[in-house]
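Containing mmCIF, C-alpha atoms: start.cif.
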```cif
data_run
loop_
_atom_site.group_PDB
_atom_site.id
_atom_site.type_symbol
_atom_site.label_atom_id
_atom_site.label_comp_id
_atom_site.auth_asym_id
_atom_site.auth_seq_id
_atom_site.Cartn_x
_atom_site.Cartn_y
_atom_site.Cartn_z
ATOM 1 C CA MET M 1 -129.117 164.487 212.193
ATOM 2 C CA VAL M 2 -129.881 160.845 211.450
ATOM 3 C CA VAL M 3 -131.647 161.809 208.250
ATOM 4 C CA TYR M 4 -128.564 163.768 207.163
ATOM 5 C CA LYS M 5 -126.264 160.795 207.732
ATOM 6 C CA VAL M 6 -128.462 158.434 205.734
ATOM 7 C CA THR M 7 -128.665 160.923 202.876
ATOM 8 C CA PHE M 8 -124.909 161.509 202.958
ATOM 9 C CA PHE M 9 -124.055 157.816 202.745
ATOM 10 C CA LYS M 10 -126.601 157.325 199.958
ATOM 11 C CA VAL M 11 -124.827 160.035 197.974
ATOM 12 C CA ILE M 12 -121.459 158.367 198.552
ATOM 13 C CA LEU M 13 -122.876 154.970 197.547
ATOM 14 C CA LEU M 14 -124.422 156.469 194.408
ATOM 15 C CA ALA M 15 -121.126 158.071 193.453
ATOM 16 C CA LEU M 16 -119.242 154.803 193.912
ATOM 17 C CA THR M 17 -121.873 152.866 191.961
ATOM 18 C CA THR M 18 -121.753 155.386 189.129
ATOM 19 C CA GLY M 19 -117.987 155.056 188.982
ATOM 20 C CA LEU M 20 -118.166 151.277 188.823
ATOM 21 C CA VAL M 21 -120.779 151.375 186.076
ATOM 22 C CA SER M 22 -118.660 153.797 184.084
ATOM 23 C CA CYS M 23 -115.631 151.524 184.400
ATOM 24 C CA GLU M 24 -117.631 148.465 183.414
ATOM 25 C CA PHE M 25 -119.309 149.912 180.366
ATOM 26 C CA GLY M 26 -116.528 152.242 179.225
ATOM 27 C CA GLU M 27 -114.435 150.846 176.374
ATOM 28 C CA LYS M 28 -111.301 149.426 177.958
ATOM 29 C CA ASP M 29 -107.897 149.261 176.346
ATOM 30 C CA LEU M 30 -106.490 145.842 175.541
ATOM 31 C CA SER M 31 -103.988 146.101 178.400
ATOM 32 C CA ASP M 32 -106.869 146.437 180.889
ATOM 33 C CA LEU M 33 -108.527 143.141 179.914
ATOM 34 C CA ASN M 34 -108.017 139.725 181.467
ATOM 35 C CA LEU M 35 -107.244 137.936 178.227
ATOM 36 C CA TYR M 36 -107.281 134.487 179.809
ATOM 37 C CA GLN M 37 -111.080 134.711 180.049
ATOM 38 C CA TYR M 38 -111.620 134.815 176.258
ATOM 39 C CA ALA M 39 -112.167 131.189 175.328
ATOM 40 C CA TYR M 40 -112.086 129.418 171.990
ATOM 41 C CA GLN M 41 -114.583 126.540 171.944
ATOM 42 C CA GLY M 42 -114.705 126.558 175.723
ATOM 43 C CA LYS M 43 -110.944 126.631 176.262
ATOM 44 C CA GLY M 44 -109.005 129.700 177.331
ATOM 45 C CA PRO M 45 -105.566 130.517 175.935
ATOM 46 C CA VAL M 46 -102.592 128.581 177.324
ATOM 47 C CA LEU M 47 -100.312 131.579 176.806
ATOM 48 C CA VAL M 48 -100.865 135.351 176.872
ATOM 49 C CA GLU M 49 -98.206 137.969 176.109
ATOM 50 C CA ASN M 50 -98.884 141.726 176.352
ATOM 51 C CA TYR M 51 -96.813 144.429 174.684
ATOM 52 C CA GLY M 52 -97.208 148.191 174.910
ATOM 53 C CA SER M 53 -96.511 150.574 172.051
ATOM 54 C CA LEU M 54 -92.933 151.184 173.271
ATOM 55 C CA SER M 55 -92.003 147.486 173.156
ATOM 56 C CA ALA M 56 -93.758 146.742 169.857
ATOM 57 C CA ASP M 57 -90.562 147.139 167.802
ATOM 58 C CA ALA M 58 -89.067 143.995 169.297
ATOM 59 C CA HIS M 59 -92.159 141.816 168.960
ATOM 60 C CA LEU M 60 -94.204 142.868 165.917
ATOM 61 C CA PRO M 61 -93.350 142.571 162.214
ATOM 62 C CA ALA M 62 -93.041 145.962 160.478
ATOM 63 C CA ALA M 63 -93.833 147.661 163.791
ATOM 64 C CA TRP M 64 -92.453 150.945 162.467
ATOM 65 C CA MET M 65 -95.602 151.317 160.357
ATOM 66 C CA LEU M 66 -97.782 151.354 163.487
ATOM 67 C CA LYS M 67 -96.344 154.665 164.651
ATOM 68 C CA ASP M 68 -98.480 156.558 162.134
ATOM 69 C CA TYR M 69 -101.739 154.957 163.304
ATOM 70 C CA SER M 70 -102.224 155.858 167.004
ATOM 71 C CA PHE M 71 -101.223 152.360 168.077
ATOM 72 C CA LEU M 72 -101.728 151.582 171.791
ATOM 73 C CA SER M 73 -100.737 147.984 172.533
ATOM 74 C CA SER M 74 -100.757 144.398 171.320
ATOM 75 C CA ALA M 75 -101.203 140.906 172.709
ATOM 76 C CA ASN M 76 -100.349 137.398 171.572
ATOM 77 C CA LEU M 77 -102.661 134.547 172.572
ATOM 78 C CA GLU M 78 -102.004 130.873 172.003
ATOM 79 C CA TYR M 79 -104.843 128.327 172.022
ATOM 80 C CA VAL M 80 -104.529 124.525 171.942
ATOM 81 C CA PRO M 81 -107.974 123.233 170.898
ATOM 82 C CA THR M 82 -106.726 119.631 170.621
ATOM 83 C CA PRO M 83 -103.383 117.963 171.411
ATOM 84 C CA GLY M 84 -100.848 118.798 168.724
ATOM 85 C CA ASP M 85 -102.988 121.631 167.320
ATOM 86 C CA SER M 86 -102.472 125.333 167.958
ATOM 87 C CA LEU M 87 -104.244 128.552 167.054
ATOM 88 C CA HIS M 88 -102.311 131.793 167.375
ATOM 89 C CA LEU M 89 -104.071 135.116 167.760
ATOM 90 C CA ARG M 90 -102.381 138.513 167.650
ATOM 91 C CA ILE M 91 -104.515 141.494 168.689
ATOM 92 C CA LEU M 92 -103.562 145.059 167.784
ATOM 93 C CA ASP M 93 -105.269 147.781 169.817
ATOM 94 C CA PHE M 94 -105.552 151.319 168.418
ATOM 95 C CA ASP M 95 -106.760 154.604 169.807
ATOM 96 C CA ASP M 96 -109.955 154.632 167.712
ATOM 97 C CA ASP M 97 -111.842 152.872 164.919
ATOM 98 C CA MET M 98 -110.365 155.108 162.239
ATOM 99 C CA SER M 99 -106.753 154.282 163.125
ATOM 100 C CA ALA M 100 -107.494 150.545 163.140
ATOM 101 C CA LEU M 101 -109.296 150.758 159.808
ATOM 102 C CA ALA M 102 -106.557 152.914 158.257
ATOM 103 C CA PHE M 103 -103.852 150.413 159.206
ATOM 104 C CA PHE M 104 -106.089 147.586 158.006
ATOM 105 C CA LEU M 105 -106.562 149.233 154.596
ATOM 106 C CA ASN M 106 -103.168 150.857 154.074
ATOM 107 C CA SER M 107 -100.484 148.646 155.562
ATOM 108 C CA GLY M 108 -100.769 145.711 153.170
ATOM 109 C CA LEU M 109 -99.783 143.474 156.105
ATOM 110 C CA VAL M 110 -103.205 142.014 156.908
ATOM 111 C CA GLN M 111 -105.752 140.281 154.705
ATOM 112 C CA GLU M 112 -109.405 139.670 155.476
ATOM 113 C CA LYS M 113 -111.126 137.841 152.644
ATOM 114 C CA ILE M 114 -108.539 135.277 151.563
ATOM 115 C CA PRO M 115 -106.052 133.779 154.065
ATOM 116 C CA VAL M 116 -102.410 134.564 153.269
ATOM 117 C CA THR M 117 -99.847 131.760 153.245
ATOM 118 C CA GLU M 118 -97.064 132.348 155.775
ATOM 119 C CA GLY M 119 -94.680 129.375 155.502
ATOM 120 C CA GLU M 120 -96.548 126.358 156.854
ATOM 121 C CA ASN M 121 -99.373 128.555 158.176
ATOM 122 C CA LEU M 122 -102.382 130.477 156.946
ATOM 123 C CA GLU M 123 -103.094 133.972 158.261
ATOM 124 C CA PHE M 124 -106.054 136.307 158.016
ATOM 125 C CA ALA M 125 -107.475 139.232 159.988
ATOM 126 C CA MET M 126 -110.759 140.612 161.256
ATOM 127 C CA ARG M 127 -111.326 144.213 162.289
ATOM 128 C CA ALA M 128 -113.706 144.937 165.161
ATOM 129 C CA GLY M 129 -113.989 148.540 166.273
ATOM 130 C CA LYS M 130 -110.576 149.790 167.340
ATOM 131 C CA ARG M 131 -108.917 146.373 167.276
ATOM 132 C CA LEU M 132 -107.457 144.048 164.657
ATOM 133 C CA PHE M 133 -107.548 140.289 165.273
ATOM 134 C CA ILE M 134 -104.934 138.385 163.255
ATOM 135 C CA PHE M 135 -105.295 134.596 163.269
ATOM 136 C CA ARG M 136 -102.528 132.179 162.264
ATOM 137 C CA TYR M 137 -102.908 128.414 162.044
ATOM 138 C CA SER M 138 -101.497 125.395 160.226
ATOM 139 C CA ARG M 139 -102.534 124.862 156.632
ATOM 140 C CA LEU M 140 -103.223 121.236 157.583
ATOM 141 C CA ARG M 141 -105.838 122.254 160.184
ATOM 142 C CA PRO M 142 -108.291 124.747 158.658
ATOM 143 C CA TYR M 143 -110.581 126.636 161.033
ATOM 144 C CA ASP M 144 -114.216 127.614 160.694
ATOM 145 C CA ARG M 145 -114.317 131.354 160.106
ATOM 146 C CA GLY M 146 -117.701 131.662 161.819
ATOM 147 C CA VAL M 147 -116.336 130.090 165.014
ATOM 148 C CA LEU M 148 -113.359 132.467 165.005
ATOM 149 C CA GLU M 149 -115.731 135.385 164.546
ATOM 150 C CA GLN M 150 -117.600 134.298 167.687
ATOM 151 C CA LEU M 151 -114.334 134.660 169.605
ATOM 152 C CA VAL M 152 -113.827 138.160 168.174
ATOM 153 C CA ARG M 153 -117.391 139.114 169.078
ATOM 154 C CA SER M 154 -116.793 138.137 172.709
ATOM 155 C CA PHE M 155 -114.380 141.044 173.166
ATOM 156 C CA PRO M 156 -115.845 144.355 174.411
ATOM 157 C CA GLY M 157 -116.266 147.189 171.935
ATOM 158 C CA TYR M 158 -117.094 144.886 169.006
ATOM 159 C CA ARG M 159 -118.244 146.949 166.021
ATOM 160 C CA GLU M 160 -118.331 145.652 162.472
ATOM 161 C CA GLY M 161 -118.437 147.564 159.218
ATOM 162 C CA LEU M 162 -117.235 151.078 158.509
ATOM 163 C CA PRO M 163 -117.105 153.727 161.234
ATOM 164 C CA GLN M 164 -120.044 156.120 161.506
ATOM 165 C CA GLU M 165 -117.976 158.918 159.975
ATOM 166 C CA PHE M 166 -117.569 156.917 156.756
ATOM 167 C CA LEU M 167 -121.297 156.262 156.620
ATOM 168 C CA SER M 168 -122.030 159.994 156.511
ATOM 169 C CA LEU M 169 -120.831 160.053 152.888
ATOM 170 C CA PRO M 170 -123.603 159.513 150.283
ATOM 171 C CA PHE M 171 -124.679 155.904 149.662
ATOM 172 C CA ALA M 172 -125.914 156.082 146.056
ATOM 173 C CA ASP M 173 -123.473 154.696 143.468
ATOM 174 C CA ARG M 174 -120.884 153.574 146.046
ATOM 175 C CA GLU M 175 -118.280 151.138 144.714
ATOM 176 C CA LEU M 176 -117.576 148.077 146.820
ATOM 177 C CA ASP M 177 -114.021 147.778 148.142
ATOM 178 C CA GLU M 178 -113.251 151.376 147.163
ATOM 179 C CA SER M 179 -112.980 152.792 150.687
ATOM 180 C CA SER M 180 -109.636 154.151 151.844
ATOM 181 C CA ILE M 181 -108.063 156.522 154.339
ATOM 182 C CA GLN M 182 -105.373 159.052 153.457
ATOM 183 C CA MET M 183 -103.558 159.742 156.708
ATOM 184 C CA LYS M 184 -100.978 162.505 156.293
ATOM 185 C CA ASN M 185 -101.059 163.173 152.586
ATOM 186 C CA PHE M 186 -104.283 164.124 150.839
ATOM 187 C CA LEU M 187 -104.409 164.278 147.037
ATOM 188 C CA GLY M 188 -100.627 164.353 146.892
ATOM 189 C CA VAL M 189 -100.310 167.269 149.309
ATOM 190 C CA GLU M 190 -99.049 166.990 152.889
ATOM 191 C CA SER M 191 -101.867 167.345 155.403
ATOM 192 C CA GLY M 192 -102.219 167.268 159.159
ATOM 193 C CA PHE M 193 -105.567 165.458 159.165
ATOM 194 C CA PRO M 194 -106.861 162.023 158.046
ATOM 195 C CA MET M 195 -109.342 161.961 155.164
ATOM 196 C CA LEU M 196 -111.868 159.161 154.604
ATOM 197 C CA VAL M 197 -112.221 158.480 150.868
ATOM 198 C CA GLN M 198 -115.043 156.616 149.097
ATOM 199 C CA GLY M 199 -115.115 155.754 145.389
ATOM 200 C CA TYR M 200 -118.262 156.059 143.266
ATOM 201 C CA ALA M 201 -119.308 155.069 139.741
ATOM 202 C CA GLY M 202 -122.485 155.612 137.748
ATOM 203 C CA GLY M 203 -123.483 156.468 134.192
ATOM 204 C CA ASP M 204 -119.998 155.554 132.902
ATOM 205 C CA VAL M 205 -118.499 158.197 135.192
ATOM 206 C CA ARG M 206 -116.229 157.690 138.205
ATOM 207 C CA TRP M 207 -115.632 160.102 141.073
ATOM 208 C CA ASN M 208 -114.520 160.215 144.701
ATOM 209 C CA CYS M 209 -115.953 161.791 147.839
ATOM 210 C CA ALA M 210 -113.942 162.430 150.981
ATOM 211 C CA ARG M 211 -114.380 163.911 154.424
ATOM 212 C CA SER M 212 -112.105 164.511 157.370
ATOM 213 C CA TRP M 213 -112.290 161.997 160.218
ATOM 214 C CA GLY M 214 -112.953 164.749 162.727
ATOM 215 C CA TYR M 215 -112.735 168.496 163.033
ATOM 216 C CA VAL M 216 -109.842 170.250 161.312
ATOM 217 C CA SER M 217 -108.398 173.545 162.516
ATOM 218 C CA ASP M 218 -108.481 176.568 160.278
ATOM 219 C CA GLY M 219 -104.677 176.628 160.302
ATOM 220 C CA ALA M 220 -104.356 173.019 159.101
ATOM 221 C CA TRP M 221 -106.943 173.643 156.377
ATOM 222 C CA ASN M 222 -105.136 176.774 155.142
ATOM 223 C CA SER M 223 -101.803 174.948 155.205
ATOM 224 C CA TRP M 224 -103.220 172.238 152.944
ATOM 225 C CA ILE M 225 -104.640 174.865 150.594
ATOM 226 C CA LEU M 226 -101.216 176.525 150.443
ATOM 227 C CA GLY M 227 -99.595 173.204 149.578
ATOM 228 C CA LEU M 228 -102.148 172.595 146.847
ATOM 229 C CA GLY M 229 -101.418 176.075 145.478
ATOM 230 C CA LYS M 230 -97.676 175.400 145.386
ATOM 231 C CA SER M 231 -98.334 172.283 143.326
ATOM 232 C CA GLY M 232 -99.891 174.513 140.659
ATOM 233 C CA ARG M 233 -103.309 172.846 140.883
ATOM 234 C CA TRP M 234 -105.142 175.540 142.807
ATOM 235 C CA GLU M 235 -107.753 177.298 140.657
ATOM 236 C CA ILE M 236 -110.148 179.516 142.557
ATOM 237 C CA PHE M 237 -110.746 180.108 146.232
ATOM 238 C CA ARG M 238 -113.958 182.014 146.662
ATOM 239 C CA ALA M 239 -115.759 182.415 149.975
ATOM 240 C CA ASP M 240 -115.364 179.029 151.695
ATOM 241 C CA THR M 241 -115.072 176.820 148.583
ATOM 242 C CA LEU M 242 -111.875 175.754 146.844
ATOM 243 C CA ARG M 243 -111.772 174.778 143.169
ATOM 244 C CA PHE M 244 -108.806 172.762 141.912
ATOM 245 C CA GLU M 245 -107.455 170.343 139.321
ATOM 246 C CA ALA M 246 -107.056 166.870 140.818
ATOM 247 C CA GLY M 247 -104.809 165.696 137.962
ATOM 248 C CA ALA M 248 -105.290 163.568 134.829
ATOM 249 C CA GLY M 249 -108.161 165.805 133.764
ATOM 250 C CA GLU M 250 -110.141 165.417 136.989
ATOM 251 C CA ARG M 251 -111.616 168.515 138.584
ATOM 252 C CA GLY M 252 -112.536 168.916 142.205
ATOM 253 C CA MET M 253 -114.063 171.061 144.925
ATOM 254 C CA ALA M 254 -113.349 171.228 148.657
ATOM 255 C CA MET M 255 -114.499 173.257 151.627
ATOM 256 C CA ARG M 256 -114.232 173.442 155.390
ATOM 257 C CA LEU M 257 -117.737 173.256 156.796
ATOM 258 C CA LYS M 258 -118.961 175.299 159.697
ATOM 259 C CA GLY M 259 -117.667 173.509 162.761
ATOM 260 C CA GLY M 260 -114.474 172.272 161.130
ATOM 261 C CA ARG M 261 -115.211 169.173 159.033
ATOM 262 C CA ILE M 262 -113.620 169.114 155.597
ATOM 263 C CA VAL M 263 -115.429 167.707 152.550
ATOM 264 C CA CYS M 264 -114.045 167.137 149.086
ATOM 265 C CA LEU M 265 -115.184 165.705 145.745
ATOM 266 C CA TRP M 266 -113.242 165.111 142.550
ATOM 267 C CA GLY M 267 -113.589 163.149 139.336
ATOM 268 C CA PHE M 268 -114.289 163.235 135.606
ATOM 269 C CA LEU M 269 -117.457 165.273 136.027
ATOM 270 C CA SER M 270 -119.065 168.087 134.114
ATOM 271 C CA GLU M 271 -119.189 171.445 135.856
ATOM 272 C CA GLU M 272 -122.882 171.079 136.616
ATOM 273 C CA ASN M 273 -122.529 167.501 137.851
ATOM 274 C CA LEU M 274 -119.534 168.444 140.005
ATOM 275 C CA GLN M 275 -121.396 171.250 141.758
ATOM 276 C CA GLN M 276 -124.537 169.163 142.266
ATOM 277 C CA ARG M 277 -122.705 166.192 143.774
ATOM 278 C CA PHE M 278 -120.502 168.425 145.899
ATOM 279 C CA ALA M 279 -123.562 170.095 147.397
ATOM 280 C CA GLU M 280 -124.971 166.638 148.216
ATOM 281 C CA VAL M 281 -121.846 165.410 149.985
ATOM 282 C CA ALA M 282 -121.440 168.661 151.909
ATOM 283 C CA LYS M 283 -125.001 168.468 153.189
ATOM 284 C CA SER M 284 -124.695 164.773 154.015
ATOM 285 C CA VAL M 285 -121.606 165.297 156.150
ATOM 286 C CA TYR M 286 -122.846 168.522 157.727
ATOM 287 C CA ASP M 287 -126.115 166.898 158.810
ATOM 288 C CA ALA M 288 -124.408 163.784 160.198
ATOM 289 C CA LYS M 289 -124.740 163.222 163.947
ATOM 290 C CA GLU M 290 -121.361 162.318 165.397
#
```

Show me this structure written as structure tokens.
Amino acid sequence: MVVYKVTFFKVILLALTTGLVSCEFGEKDLSDLNLYQYAYQGKGPVLVENYGSLSADAHLPAAWMLKDYSFLSSANLEYVPTPGDSLHLRILDFDDDMSALAFFLNSGLVQEKIPVTEGENLEFAMRAGKRLFIFRYSRLRPYDRGVLEQLVRSFPGYREGLPQEFLSLPFADRELDESSIQMKNFLGVESGFPMLVQGYAGGDVRWNCARSWGYVSDGAWNSWILGLGKSGRWEIFRADTLRFEAGAGERGMAMRLKGGRIVCLWGFLSEENLQQRFAEVAKSVYDAKE
């Protein structure tokens, strides 16, 4: 009987420990974090304001745009590194990396490489995983970008660069700064799935590869095909591969892979080159571990 009790309590303790570990290492939403603990140069924020998605309209510029990007919540943090100086940080929290990246690329509201002038202030953003960090500070008090990046890195779930799904597209001949996400309209046709698009150039030829962020239902795929057909650009649908005119003389191919991922390629390519590159992108995405 004693042995049973010891074993029973060990099981309970193990279950509780497992739960705590899961909570600690699981990726928390912004609203679950104690934002006062994130210090800039050893000093925590003097002010923290949290806003959920429902209250964003009253507190965020162009908040209506966030509704298309699985937006969860936001927070405003105010730091005072030295008397008379202030550093403002707005954090936008999204449901996943793709939504954060799509808003980052598509909204036109945030800038990463060159700070944007906003009145008497400068503003620029960093993306880290499913969050955007937007810094604003006086033009008279420039900040070290590397030091600000250390603050961003201190938040859980920090991930730099493109999401893994983007990296499953071929690497050869990629064009820098030619990555984009088409959310609800792909190649001019309404769609119910986001598509990750990467531009390529080589041998005086340009083309684009794209893949769906996740798995797309057969119904959504067929609906997009129907829309493409109504636009008069649908050529041939044979087996599981669609042939179409992408416009301006570009030709393309698309298919829904086994398991539900969609891949697409279009550009000013010869028939042979089109088929060869399409086979490469389809295999690259199909073999990707996600």

The distance between CA of Val116 in chain M and CA of Phe71 in chain M is 23.2 Å

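For the file at hand, the PyMOL selection byres ((chain M and resi 152) around 10) resolves to Tyr38, Tyr40, Ile91, Met126, Arg127, Ala128, Arg131, Leu132, Phe133, Gly146, Val147, Leu148, Glu149, Gln150, Leu151, Arg153, Ser154, Phe155, Pro156 and Tyr158 of chain M.
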
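What the PyMOL selection byres ((chain M and resi 48-53) around 6) matches in the given file is Leu47, Leu54, Ser55, Ala56, Leu72, Ser73, Ser74, Ala75, Asn76 and Leu77 of chain M.
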
Residues just named, written with C-alpha atoms as a PDB file, keeping the file's coordinate frame:
```pdb
ATOM      1  CA  LEU M  47    -100.312 131.579 176.806  1.00  0.00           C
ATOM      2  CA  LEU M  54     -92.933 151.184 173.271  1.00  0.00           C
ATOM      3  CA  SER M  55     -92.003 147.486 173.156  1.00  0.00           C
ATOM      4  CA  ALA M  56     -93.758 146.742 169.857  1.00  0.00           C
ATOM      5  CA  LEU M  72    -101.728 151.582 171.791  1.00  0.00           C
ATOM      6  CA  SER M  73    -100.737 147.984 172.533  1.00  0.00           C
ATOM      7  CA  SER M  74    -100.757 144.398 171.320  1.00  0.00           C
ATOM      8  CA  ALA M  75    -101.203 140.906 172.709  1.00  0.00           C
ATOM      9  CA  ASN M  76    -100.349 137.398 171.572  1.00  0.00           C
ATOM     10  CA  LEU M  77    -102.661 134.547 172.572  1.00  0.00           C
TER      11      LEU M  77
END
```

For this structure, which residues satisfy the selection - the PyMOL selection byres ((chain M and resi 286) around 12) - when it is evaluated on the file as given? I want them as a ChimeraX atom specification.
/M:165,168-170,211-212,214-215,255-263,279-285,287-290

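Atom pair CA of Trp207 in chain M / CA of Ser179 in chain M: separated by 12.4 Å.
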
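Restricting the calculation to only C-alpha atoms, the smallest distance between Asp68 in chain M and any of M:Pro45, M:Pro142, M:Pro163, M:Pro194 is found for M:Pro194.
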
Requested in this report: Select all residues near (-103.4, 123.2, 159.0) (cut-off 12 Å, inclusive, file coordinates), counting only C-alpha atoms, and output them as a count of residues only.
Outcome: 21

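Rounded to one decimal, CA of Arg251 in chain M and CA of Arg206 in chain M lie 11.8 Å from each other.
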
One residue among M:Met195, M:Cys264, M:Val80, M:Leu226 is nearest to Lys43 in chain M when using all atoms listed in the file, and that residue is M:Val80

Using only C-alpha atoms, which residues sit within 12 Å of Met183 in chain M once same-chain residues fewer than 3 positions away are excluded, as an mmCIF file with C-alpha atoms, in the frame of the given file?
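Result written to part-v2.cif:
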```cif
data_model
loop_
_atom_site.group_PDB
_atom_site.id
_atom_site.type_symbol
_atom_site.label_atom_id
_atom_site.label_comp_id
_atom_site.auth_asym_id
_atom_site.auth_seq_id
_atom_site.Cartn_x
_atom_site.Cartn_y
_atom_site.Cartn_z
ATOM 1 C CA LYS M 67 -96.344 154.665 164.651
ATOM 2 C CA ASP M 68 -98.480 156.558 162.134
ATOM 3 C CA TYR M 69 -101.739 154.957 163.304
ATOM 4 C CA SER M 70 -102.224 155.858 167.004
ATOM 5 C CA MET M 98 -110.365 155.108 162.239
ATOM 6 C CA SER M 99 -106.753 154.282 163.125
ATOM 7 C CA ALA M 100 -107.494 150.545 163.140
ATOM 8 C CA LEU M 101 -109.296 150.758 159.808
ATOM 9 C CA ALA M 102 -106.557 152.914 158.257
ATOM 10 C CA PHE M 103 -103.852 150.413 159.206
ATOM 11 C CA LEU M 105 -106.562 149.233 154.596
ATOM 12 C CA ASN M 106 -103.168 150.857 154.074
ATOM 13 C CA SER M 107 -100.484 148.646 155.562
ATOM 14 C CA SER M 180 -109.636 154.151 151.844
ATOM 15 C CA PHE M 186 -104.283 164.124 150.839
ATOM 16 C CA LEU M 187 -104.409 164.278 147.037
ATOM 17 C CA GLY M 188 -100.627 164.353 146.892
ATOM 18 C CA VAL M 189 -100.310 167.269 149.309
ATOM 19 C CA GLU M 190 -99.049 166.990 152.889
ATOM 20 C CA SER M 191 -101.867 167.345 155.403
ATOM 21 C CA GLY M 192 -102.219 167.268 159.159
ATOM 22 C CA PHE M 193 -105.567 165.458 159.165
ATOM 23 C CA PRO M 194 -106.861 162.023 158.046
ATOM 24 C CA MET M 195 -109.342 161.961 155.164
ATOM 25 C CA LEU M 196 -111.868 159.161 154.604
ATOM 26 C CA VAL M 197 -112.221 158.480 150.868
ATOM 27 C CA ARG M 211 -114.380 163.911 154.424
ATOM 28 C CA SER M 212 -112.105 164.511 157.370
ATOM 29 C CA TRP M 213 -112.290 161.997 160.218
#
```

Show which residues sit within 12 Å of Phe268 in chain M, as a PyMOL selection string. Count only C-alpha atoms, and ignore same-chain residues fewer than 6 positions away. chain M and resi 200-208+245-252+274

Grab the residues selected above and save them as a CSV table (one decimal), in the coordinates of the input with C-alpha atoms.
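Writing the result to part-v8.csv gives the following:
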```csv
chain,number,residue,atom,x,y,z
M,200,TYR,CA,-118.3,156.1,143.3
M,201,ALA,CA,-119.3,155.1,139.7
M,202,GLY,CA,-122.5,155.6,137.7
M,203,GLY,CA,-123.5,156.5,134.2
M,204,ASP,CA,-120.0,155.6,132.9
M,205,VAL,CA,-118.5,158.2,135.2
M,206,ARG,CA,-116.2,157.7,138.2
M,207,TRP,CA,-115.6,160.1,141.1
M,208,ASN,CA,-114.5,160.2,144.7
M,245,GLU,CA,-107.5,170.3,139.3
M,246,ALA,CA,-107.1,166.9,140.8
M,247,GLY,CA,-104.8,165.7,138.0
M,248,ALA,CA,-105.3,163.6,134.8
M,249,GLY,CA,-108.2,165.8,133.8
M,250,GLU,CA,-110.1,165.4,137.0
M,251,ARG,CA,-111.6,168.5,138.6
M,252,GLY,CA,-112.5,168.9,142.2
M,274,LEU,CA,-119.5,168.4,140.0
```

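Remark: for Cys209 in chain M, the closest of the candidate residues M:Leu92, M:Leu167, M:Val110, M:Leu162 is M:Leu167 (distances computed over all atoms listed in the file).
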
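Nearest-residue note for Gly229 in chain M: choosing from M:Phe166, M:Phe104, M:Phe244, M:Phe124, the minimum distance belongs to M:Phe244, counting only C-alpha atoms.
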
Axis-aligned box for all listed atoms of range 31-41 of chain M, 5 Å per side, centre and edges in Å to one decimal, as JSON:
```
{"center_x": -109.3, "center_y": 136.5, "center_z": 176.7, "size_x": 20.6, "size_y": 29.9, "size_z": 19.5}
```
